[in-house]
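Source file: my_file-v5.txt (compact mmCIF, C-alpha atoms)
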# COMPACT_ATOMS: atom_id res chain seq x y z
CA MET J 1 43.40 -52.00 -137.78
CA LEU J 2 45.83 -53.26 -135.16
CA GLU J 3 48.28 -50.80 -133.60
CA HIS J 4 51.77 -51.77 -132.54
CA LYS J 5 50.52 -52.38 -129.00
CA ASP J 6 48.15 -55.04 -130.34
CA VAL J 7 50.86 -56.59 -132.50
CA ARG J 8 53.00 -57.00 -129.38
CA GLU J 9 50.21 -58.76 -127.60
CA ILE J 10 49.88 -61.30 -130.39
CA LEU J 11 53.44 -61.97 -131.56
CA PRO J 12 56.09 -63.36 -129.20
CA GLN J 13 58.96 -61.59 -131.00
CA ARG J 14 60.61 -58.57 -129.35
CA TYR J 15 63.28 -55.98 -130.16
CA PRO J 16 65.23 -56.19 -132.37
CA LEU J 17 63.30 -58.86 -134.19
CA LEU J 18 59.70 -57.72 -133.93
CA LEU J 19 59.32 -56.61 -137.53
CA VAL J 20 55.69 -55.56 -137.92
CA ASP J 21 54.67 -52.04 -136.91
CA ARG J 22 50.99 -52.00 -137.69
CA VAL J 23 48.22 -54.02 -139.31
CA LEU J 24 46.28 -51.96 -141.86
CA GLU J 25 43.68 -54.55 -142.72
CA LEU J 26 42.91 -58.09 -141.65
CA GLN J 27 40.42 -60.38 -143.33
CA PRO J 28 40.39 -63.39 -141.02
CA GLY J 29 41.51 -66.60 -142.69
CA ARG J 30 42.06 -64.81 -146.00
CA SER J 31 44.47 -61.89 -146.13
CA ILE J 32 46.33 -59.22 -144.22
CA ARG J 33 48.05 -55.91 -145.02
CA THR J 34 50.78 -54.79 -142.67
CA ILE J 35 53.50 -52.17 -142.56
CA LYS J 36 57.04 -52.03 -141.26
CA ALA J 37 58.91 -48.73 -141.33
CA ILE J 38 62.64 -48.99 -141.97
CA SER J 39 64.80 -46.59 -140.02
CA GLY J 40 68.48 -45.69 -140.36
CA THR J 41 68.89 -46.71 -136.72
CA GLU J 42 67.94 -50.36 -137.34
CA PRO J 43 70.50 -52.68 -135.71
CA CYS J 44 71.26 -54.16 -139.14
CA PHE J 45 72.89 -50.85 -140.16
CA ASP J 46 74.83 -50.53 -136.93
CA GLY J 47 78.58 -50.51 -137.36
CA LEU J 48 78.66 -49.44 -140.97
CA PRO J 49 81.72 -47.27 -141.55
CA GLU J 50 81.52 -43.54 -142.27
CA GLY J 51 81.06 -43.00 -145.97
CA ALA J 52 79.50 -46.46 -146.50
CA GLU J 53 78.12 -46.87 -150.00
CA ARG J 54 74.39 -46.60 -150.65
CA TRP J 55 73.91 -50.31 -151.35
CA ARG J 56 75.07 -51.15 -147.85
CA PHE J 57 71.93 -49.46 -146.51
CA ALA J 58 69.64 -51.76 -148.47
CA TYR J 59 67.38 -53.48 -145.97
CA PRO J 60 68.45 -57.16 -145.67
CA ARG J 61 66.20 -59.49 -147.60
CA SER J 62 66.24 -62.06 -144.80
CA LEU J 63 64.66 -59.48 -142.47
CA MET J 64 62.16 -58.51 -145.17
CA ILE J 65 61.04 -62.13 -145.36
CA GLU J 66 60.97 -62.43 -141.58
CA SER J 67 58.74 -59.35 -141.49
CA PHE J 68 56.52 -60.92 -144.16
CA GLY J 69 56.45 -64.13 -142.13
CA GLN J 70 55.40 -62.31 -138.96
CA SER J 71 52.60 -60.72 -140.97
CA ALA J 72 51.55 -64.19 -142.10
CA ALA J 73 51.59 -65.31 -138.44
CA LEU J 74 49.27 -62.43 -137.48
CA LEU J 75 46.93 -63.56 -140.23
CA TRP J 76 47.14 -67.19 -139.19
CA LEU J 77 46.55 -66.34 -135.52
CA ASP J 78 43.59 -64.29 -136.68
CA GLY J 79 44.78 -61.24 -134.79
CA ARG J 80 44.48 -63.13 -131.51
CA ARG J 81 47.09 -63.97 -128.97
CA ALA J 82 48.18 -67.61 -128.91
CA PRO J 83 46.82 -69.35 -125.78
CA ALA J 84 49.11 -68.62 -122.84
CA LEU J 85 49.46 -72.27 -121.85
CA ASP J 86 50.24 -73.34 -125.37
CA ASP J 87 53.66 -74.98 -125.38
CA ARG J 88 53.97 -74.77 -129.14
CA THR J 89 56.35 -72.31 -130.67
CA LEU J 90 55.62 -70.46 -133.84
CA MET J 91 58.42 -71.02 -136.33
CA PHE J 92 59.40 -69.88 -139.75
CA ALA J 93 59.89 -73.15 -141.64
CA ALA J 94 60.64 -72.38 -145.27
CA ALA J 95 60.14 -69.94 -148.10
CA ARG J 96 59.94 -70.97 -151.72
CA GLY J 97 59.79 -69.03 -154.95
CA LEU J 98 61.13 -65.70 -153.70
CA GLN J 99 61.64 -62.98 -156.27
CA PHE J 100 63.20 -59.68 -155.32
CA SER J 101 62.62 -56.88 -157.77
CA ASP J 102 63.90 -53.87 -155.86
CA PHE J 103 65.62 -52.66 -152.69
CA ALA J 104 64.26 -50.85 -149.67
CA TYR J 105 66.25 -48.23 -147.76
CA PRO J 106 65.96 -46.29 -144.51
CA GLY J 107 62.93 -44.03 -144.77
CA ASP J 108 60.97 -46.57 -146.78
CA VAL J 109 57.84 -48.22 -145.41
CA LEU J 110 57.44 -51.88 -146.34
CA ARG J 111 53.87 -52.94 -146.97
CA HIS J 112 53.21 -56.66 -146.92
CA GLU J 113 50.15 -58.04 -148.65
CA VAL J 114 49.79 -61.62 -147.51
CA ARG J 115 47.25 -64.30 -148.41
CA LEU J 116 46.69 -67.45 -146.38
CA ASP J 117 46.56 -70.31 -148.87
CA SER J 118 46.03 -73.28 -146.57
CA VAL J 119 46.61 -74.67 -143.11
CA VAL J 120 47.50 -78.36 -142.82
CA ALA J 121 48.67 -80.14 -139.68
CA ASP J 122 49.54 -76.98 -137.73
CA THR J 123 51.47 -75.72 -140.72
CA ALA J 124 50.40 -72.59 -142.58
CA PHE J 125 51.07 -71.80 -146.23
CA ALA J 126 50.99 -68.16 -147.30
CA SER J 127 51.90 -66.14 -150.36
CA GLY J 128 51.99 -62.50 -151.33
CA GLU J 129 53.99 -59.40 -152.16
CA THR J 130 55.97 -56.72 -150.41
CA TRP J 131 55.68 -53.15 -151.63
CA VAL J 132 57.24 -49.76 -150.99
CA GLY J 133 54.55 -47.33 -152.16
CA ASP J 134 53.68 -48.54 -155.65
CA ARG J 135 57.02 -50.30 -156.13
CA ARG J 136 56.95 -54.04 -155.66
CA VAL J 137 60.12 -55.15 -153.93
CA ALA J 138 59.41 -58.85 -153.37
CA THR J 139 57.08 -61.62 -154.44
CA ILE J 140 56.72 -64.68 -152.21
CA ALA J 141 55.19 -67.76 -153.87
CA THR J 142 55.10 -69.85 -150.70
CA LEU J 143 55.99 -69.07 -147.13
CA ILE J 144 55.62 -71.92 -144.67
CA ALA J 145 55.22 -71.42 -140.94
CA THR J 146 54.64 -74.10 -138.38
CA ARG J 147 53.82 -74.58 -134.70
CA ARG J 148 55.82 -77.23 -132.93
CA ARG J 149 56.40 -78.27 -129.36
CA VAL J 150 59.84 -77.12 -128.36
CA ALA J 151 61.46 -78.17 -125.12
CA ILE J 152 63.14 -75.29 -123.33
CA GLY J 153 65.35 -76.18 -120.39
CA PRO J 154 68.48 -78.07 -119.40
CA ASN J 155 67.56 -81.25 -121.31
CA PRO J 156 65.97 -80.20 -124.57
CA SER J 157 64.50 -83.00 -126.65
CA PRO J 158 66.00 -83.41 -130.11
CA ALA J 159 62.85 -82.17 -131.90
CA PRO J 160 62.46 -80.24 -134.10
CA ALA J 161 64.95 -81.60 -136.57
CA PRO J 162 67.40 -79.01 -137.89
CA SER J 163 66.25 -79.79 -141.41
CA MET J 164 62.95 -78.11 -140.56
CA CYS J 165 64.64 -74.75 -140.80
CA ARG J 166 65.67 -74.27 -144.36
CA GLN J 167 66.86 -70.74 -144.81
CA SER J 168 66.49 -69.70 -148.38
CA GLU J 169 68.14 -66.33 -148.44
CA GLU J 170 71.28 -64.85 -147.03
CA GLY J 171 71.31 -61.58 -145.15
CA GLN J 172 72.56 -59.01 -147.59
CA PRO J 173 71.03 -58.43 -151.00
CA MET O 1 45.95 -91.64 -171.44
CA THR O 2 43.19 -92.26 -168.93
CA TYR O 3 42.02 -89.73 -166.37
CA GLN O 4 43.95 -91.67 -163.71
CA ASP O 5 47.15 -91.47 -165.78
CA ASP O 6 46.70 -87.73 -166.22
CA GLN O 7 46.14 -87.29 -162.53
CA LEU O 8 49.19 -89.39 -161.65
CA GLU O 9 51.36 -87.27 -163.93
CA GLU O 10 50.01 -84.07 -162.46
CA LEU O 11 50.66 -85.46 -159.00
CA ARG O 12 54.19 -86.37 -160.05
CA GLU O 13 54.80 -82.76 -161.09
CA ILE O 14 53.45 -81.42 -157.80
CA VAL O 15 55.45 -83.80 -155.64
CA ALA O 16 58.62 -83.34 -157.70
CA ASP O 17 58.26 -79.58 -157.32
CA VAL O 18 58.01 -79.88 -153.53
CA LEU O 19 60.97 -82.28 -153.39
CA GLU O 20 62.94 -80.02 -155.76
CA LEU O 21 63.33 -82.74 -158.39
CA GLU O 22 62.56 -83.01 -162.08
CA PRO O 23 59.33 -85.01 -162.62
CA GLU O 24 61.24 -87.72 -164.49
CA GLU O 25 63.51 -88.20 -161.48
CA LEU O 26 60.57 -89.17 -159.29
CA SER O 27 59.59 -92.83 -159.64
CA ASP O 28 56.24 -94.32 -158.61
CA THR O 29 57.69 -96.30 -155.73
CA GLY O 30 60.79 -94.33 -154.71
CA ASP O 31 60.67 -93.62 -150.96
CA PHE O 32 60.36 -89.87 -150.37
CA MET O 33 62.45 -89.87 -147.21
CA GLU O 34 65.06 -92.48 -148.04
CA GLU O 35 65.57 -91.85 -151.72
CA TYR O 36 64.73 -88.18 -152.03
CA GLU O 37 65.72 -86.89 -148.59
CA ALA O 38 62.31 -85.45 -147.82
CA ASP O 39 61.48 -84.38 -144.27
CA SER O 40 58.14 -84.18 -142.45
CA LEU O 41 57.64 -80.59 -143.54
CA ARG O 42 57.83 -81.55 -147.21
CA ALA O 43 55.29 -84.30 -146.64
CA ILE O 44 52.90 -81.75 -145.13
CA GLU O 45 53.58 -79.44 -148.06
CA ILE O 46 52.54 -82.21 -150.45
CA LEU O 47 49.21 -82.54 -148.60
CA ALA O 48 48.70 -78.77 -148.77
CA ARG O 49 49.37 -78.71 -152.52
CA ILE O 50 46.96 -81.59 -153.10
CA ASP O 51 44.32 -79.79 -151.05
CA LYS O 52 44.84 -76.65 -153.12
CA ARG O 53 44.93 -78.33 -156.53
CA PHE O 54 42.40 -81.17 -156.17
CA LYS O 55 40.32 -79.82 -153.27
CA VAL O 56 40.82 -83.12 -151.50
CA GLU O 57 41.86 -83.28 -147.87
CA ILE O 58 44.04 -86.22 -146.97
CA PRO O 59 44.08 -86.53 -143.18
CA GLN O 60 47.32 -85.78 -141.38
CA ALA O 61 47.06 -89.19 -139.68
CA GLU O 62 47.85 -90.84 -143.00
CA LEU O 63 51.15 -88.97 -143.42
CA PRO O 64 53.33 -91.90 -142.28
CA GLU O 65 51.86 -94.11 -145.01
CA LEU O 66 52.48 -91.62 -147.79
CA ARG O 67 55.98 -92.80 -148.49
CA ASN O 68 55.95 -92.78 -152.26
CA LEU O 69 54.05 -91.39 -155.24
CA LYS O 70 51.93 -94.53 -155.64
CA ALA O 71 50.72 -94.29 -152.03
CA VAL O 72 49.90 -90.58 -152.43
CA SER O 73 47.99 -91.30 -155.61
CA ALA O 74 46.00 -94.08 -153.91
CA ALA O 75 45.20 -91.84 -150.94
CA LEU O 76 44.07 -89.07 -153.27
CA ALA O 77 41.76 -91.44 -155.16
CA ARG O 78 40.35 -92.86 -151.91
CA HIS O 79 39.59 -89.46 -150.37
CA ALA O 80 38.34 -87.93 -153.61
CA THR O 81 35.68 -90.63 -153.70
CA ALA O 82 34.88 -90.22 -150.00
CA GLN O 83 34.59 -86.43 -150.20
CA GLY O 84 33.14 -86.14 -153.69
Could you quickly redo this structure as structure tokens?
Amino acid sequence: MLEHKDVREILPQRYPLLLVDRVLELQPGRSIRTIKAISGTEPCFDGLPEGAERWRFAYPRSLMIESFGQSAALLWLDGRRAPALDDRTLMFAAARGLQFSDFAYPGDVLRHEVRLDSVVADTAFASGETWVGDRRVATIATLIATRRRVAIGPNPSPAPAPSMCRQSEEGQP
Amino acid sequence: MTYQDDQLEELREIVADVLELEPEELSDTGDFMEEYEADSLRAIEILARIDKRFKVEIPQAELPELRNLKAVSAALARHATAQG
């Protein structure tokens, strides 16, 4: 099991976009089970008016998929930190075949069960489900993550092409 | 239909699915990038699907040549023989 401290050492994401709290189980190269607790103080619920309807507290599906993707990254990286001198950046590339069957609300704990299907050319393909207890909230047929060199500085190179980032889902359910 | 025909049709379904087309929209020689607006990520996805379905690894170095269905089919046949 990896505690949040370990997750922070492996993933580059930080508040408010570090969306994995703990790794329950990791089978290197095969599968991972992670959890992410949803709180009412998440930034995504900030600014909702008094008396906001219940549906407005549904956790955004885009963040659910990001959380799933970070879990896939932990699996891909094998629970190890990416080499410090590595100039490649881990990126969410695409998600395909998403099915949402339920909502998650503050107080719920998302549990991602992710399988690593293949890794080709520094691009990982994963699939799996997201659960709240015994309720399945999402099924992901294919999630694609990639590692690319990204120039950071005053003269960034044009790569990667914008078409690499195909967002499949909008924020609110 | 021969085994090769079956395999080509299965490949057409896989590639069409990745390119978000109907199988009948994908011709044997239509250029993935120019005619079907594929990007490099989709090309990699095609390799990953082939690996999963046929258990054949086509090297990443051959990606630039895999411009149409015919070329993918030829690469699959070549590497299936080499790896089988």
Find the residues near stretch 131-143 of chain J: any atom within 9 Å, counting only C-alpha atoms, skip ones fewer than 4 places away on the same chain, and give them as an mmCIF file with C-alpha atoms, keeping the file's coordinate frame.
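Okay, this is what ended up in part-v8.cif:
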data_model
loop_
_atom_site.group_PDB
_atom_site.id
_atom_site.type_symbol
_atom_site.label_atom_id
_atom_site.label_comp_id
_atom_site.auth_asym_id
_atom_site.auth_seq_id
_atom_site.Cartn_x
_atom_site.Cartn_y
_atom_site.Cartn_z
ATOM 1 C CA ARG J 61 66.200 -59.490 -147.600
ATOM 2 C CA MET J 64 62.160 -58.510 -145.170
ATOM 3 C CA ILE J 65 61.040 -62.130 -145.360
ATOM 4 C CA PHE J 68 56.520 -60.920 -144.160
ATOM 5 C CA GLY J 69 56.450 -64.130 -142.130
ATOM 6 C CA ALA J 72 51.550 -64.190 -142.100
ATOM 7 C CA PHE J 92 59.400 -69.880 -139.750
ATOM 8 C CA ALA J 93 59.890 -73.150 -141.640
ATOM 9 C CA ALA J 94 60.640 -72.380 -145.270
ATOM 10 C CA ALA J 95 60.140 -69.940 -148.100
ATOM 11 C CA ARG J 96 59.940 -70.970 -151.720
ATOM 12 C CA GLY J 97 59.790 -69.030 -154.950
ATOM 13 C CA LEU J 98 61.130 -65.700 -153.700
ATOM 14 C CA GLN J 99 61.640 -62.980 -156.270
ATOM 15 C CA PHE J 100 63.200 -59.680 -155.320
ATOM 16 C CA SER J 101 62.620 -56.880 -157.770
ATOM 17 C CA ASP J 102 63.900 -53.870 -155.860
ATOM 18 C CA PHE J 103 65.620 -52.660 -152.690
ATOM 19 C CA ALA J 104 64.260 -50.850 -149.670
ATOM 20 C CA ASP J 108 60.970 -46.570 -146.780
ATOM 21 C CA VAL J 109 57.840 -48.220 -145.410
ATOM 22 C CA LEU J 110 57.440 -51.880 -146.340
ATOM 23 C CA ARG J 111 53.870 -52.940 -146.970
ATOM 24 C CA HIS J 112 53.210 -56.660 -146.920
ATOM 25 C CA GLU J 113 50.150 -58.040 -148.650
ATOM 26 C CA VAL J 114 49.790 -61.620 -147.510
ATOM 27 C CA ASP J 117 46.560 -70.310 -148.870
ATOM 28 C CA ALA J 124 50.400 -72.590 -142.580
ATOM 29 C CA PHE J 125 51.070 -71.800 -146.230
ATOM 30 C CA ALA J 126 50.990 -68.160 -147.300
ATOM 31 C CA SER J 127 51.900 -66.140 -150.360
#
May I have a table of the residues of chain O lying at most 9 Å from chain J, giving each one's closest pair of atoms and their distance in Å to one decimal, counting only C-alpha atoms, ordered by chain and ascending residue number, as JSON lines?
{"residue": "O:Asp39", "atom": "CA", "partner": "J:Ser163", "partner_atom": "CA", "distance": 7.2}
{"residue": "O:Ser40", "atom": "CA", "partner": "J:Met164", "partner_atom": "CA", "distance": 8.0}
{"residue": "O:Leu41", "atom": "CA", "partner": "J:Met164", "partner_atom": "CA", "distance": 6.6}
{"residue": "O:Ile44", "atom": "CA", "partner": "J:Val120", "partner_atom": "CA", "distance": 6.8}
{"residue": "O:Glu45", "atom": "CA", "partner": "J:Val120", "partner_atom": "CA", "distance": 8.1}
{"residue": "O:Leu47", "atom": "CA", "partner": "J:Val120", "partner_atom": "CA", "distance": 7.3}
{"residue": "O:Ala48", "atom": "CA", "partner": "J:Val120", "partner_atom": "CA", "distance": 6.1}
{"residue": "O:Arg49", "atom": "CA", "partner": "J:Ser118", "partner_atom": "CA", "distance": 8.7}
{"residue": "O:Asp51", "atom": "CA", "partner": "J:Ser118", "partner_atom": "CA", "distance": 8.1}
{"residue": "O:Lys52", "atom": "CA", "partner": "J:Ser118", "partner_atom": "CA", "distance": 7.5}
{"residue": "O:Pro59", "atom": "CA", "partner": "J:Ala121", "partner_atom": "CA", "distance": 8.6}
{"residue": "O:Gln60", "atom": "CA", "partner": "J:Ala121", "partner_atom": "CA", "distance": 6.0}
* Which residue out of J:Val150, J:Met91, J:Leu74, J:Ala58 has the minimum interatomic distance to J:Gln27 when only C-alpha atoms are used? ->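 Of all the options, J:Leu74 lies closest to J:Gln27.
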* For the atom pair atom CA of J:Ser71 and atom CA of J:Leu19, what is the interatomic distance in Å to one decimal place? -> 8.6 Å
* To do: Quick one: everything within 8 Å of J:Thr89, counting only C-alpha atoms, minus sequence neighbours fewer than 5 positions away in the same chain. Send it as a PyMOL selection string.
  => chain J and resi 147-150
* To do: Find the residues around J:Trp76 up to 8 Å (all atoms listed in the file counted), leave out those fewer than 5 positions away in its own chain, and share them as a ChimeraX atom specification.
  => /J:28-29,116,124
* Asked: If you measure from atom CA of J:Arg56 to atom CA of J:Pro43, what distance in Å do you get, rounded to one decimal?
  ->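 Distance reported for this atom pair: 13.1 Å.
Those residues that approach stretch 65-76 of chain O to within 6 Å, counting all atoms listed in the file, are Asp28, Thr29, Gly30, Asp31, Phe32, Glu62, His79 and Ala80 of chain O; same-chain residues fewer than 3 positions away are not listed.
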* Separation of atom CA of J:Gly128 from atom CA of J:Pro12 in Å ->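 Value for the atom CA of J:Pro12-atom CA of J:Gly128 distance: 22.5 Å.
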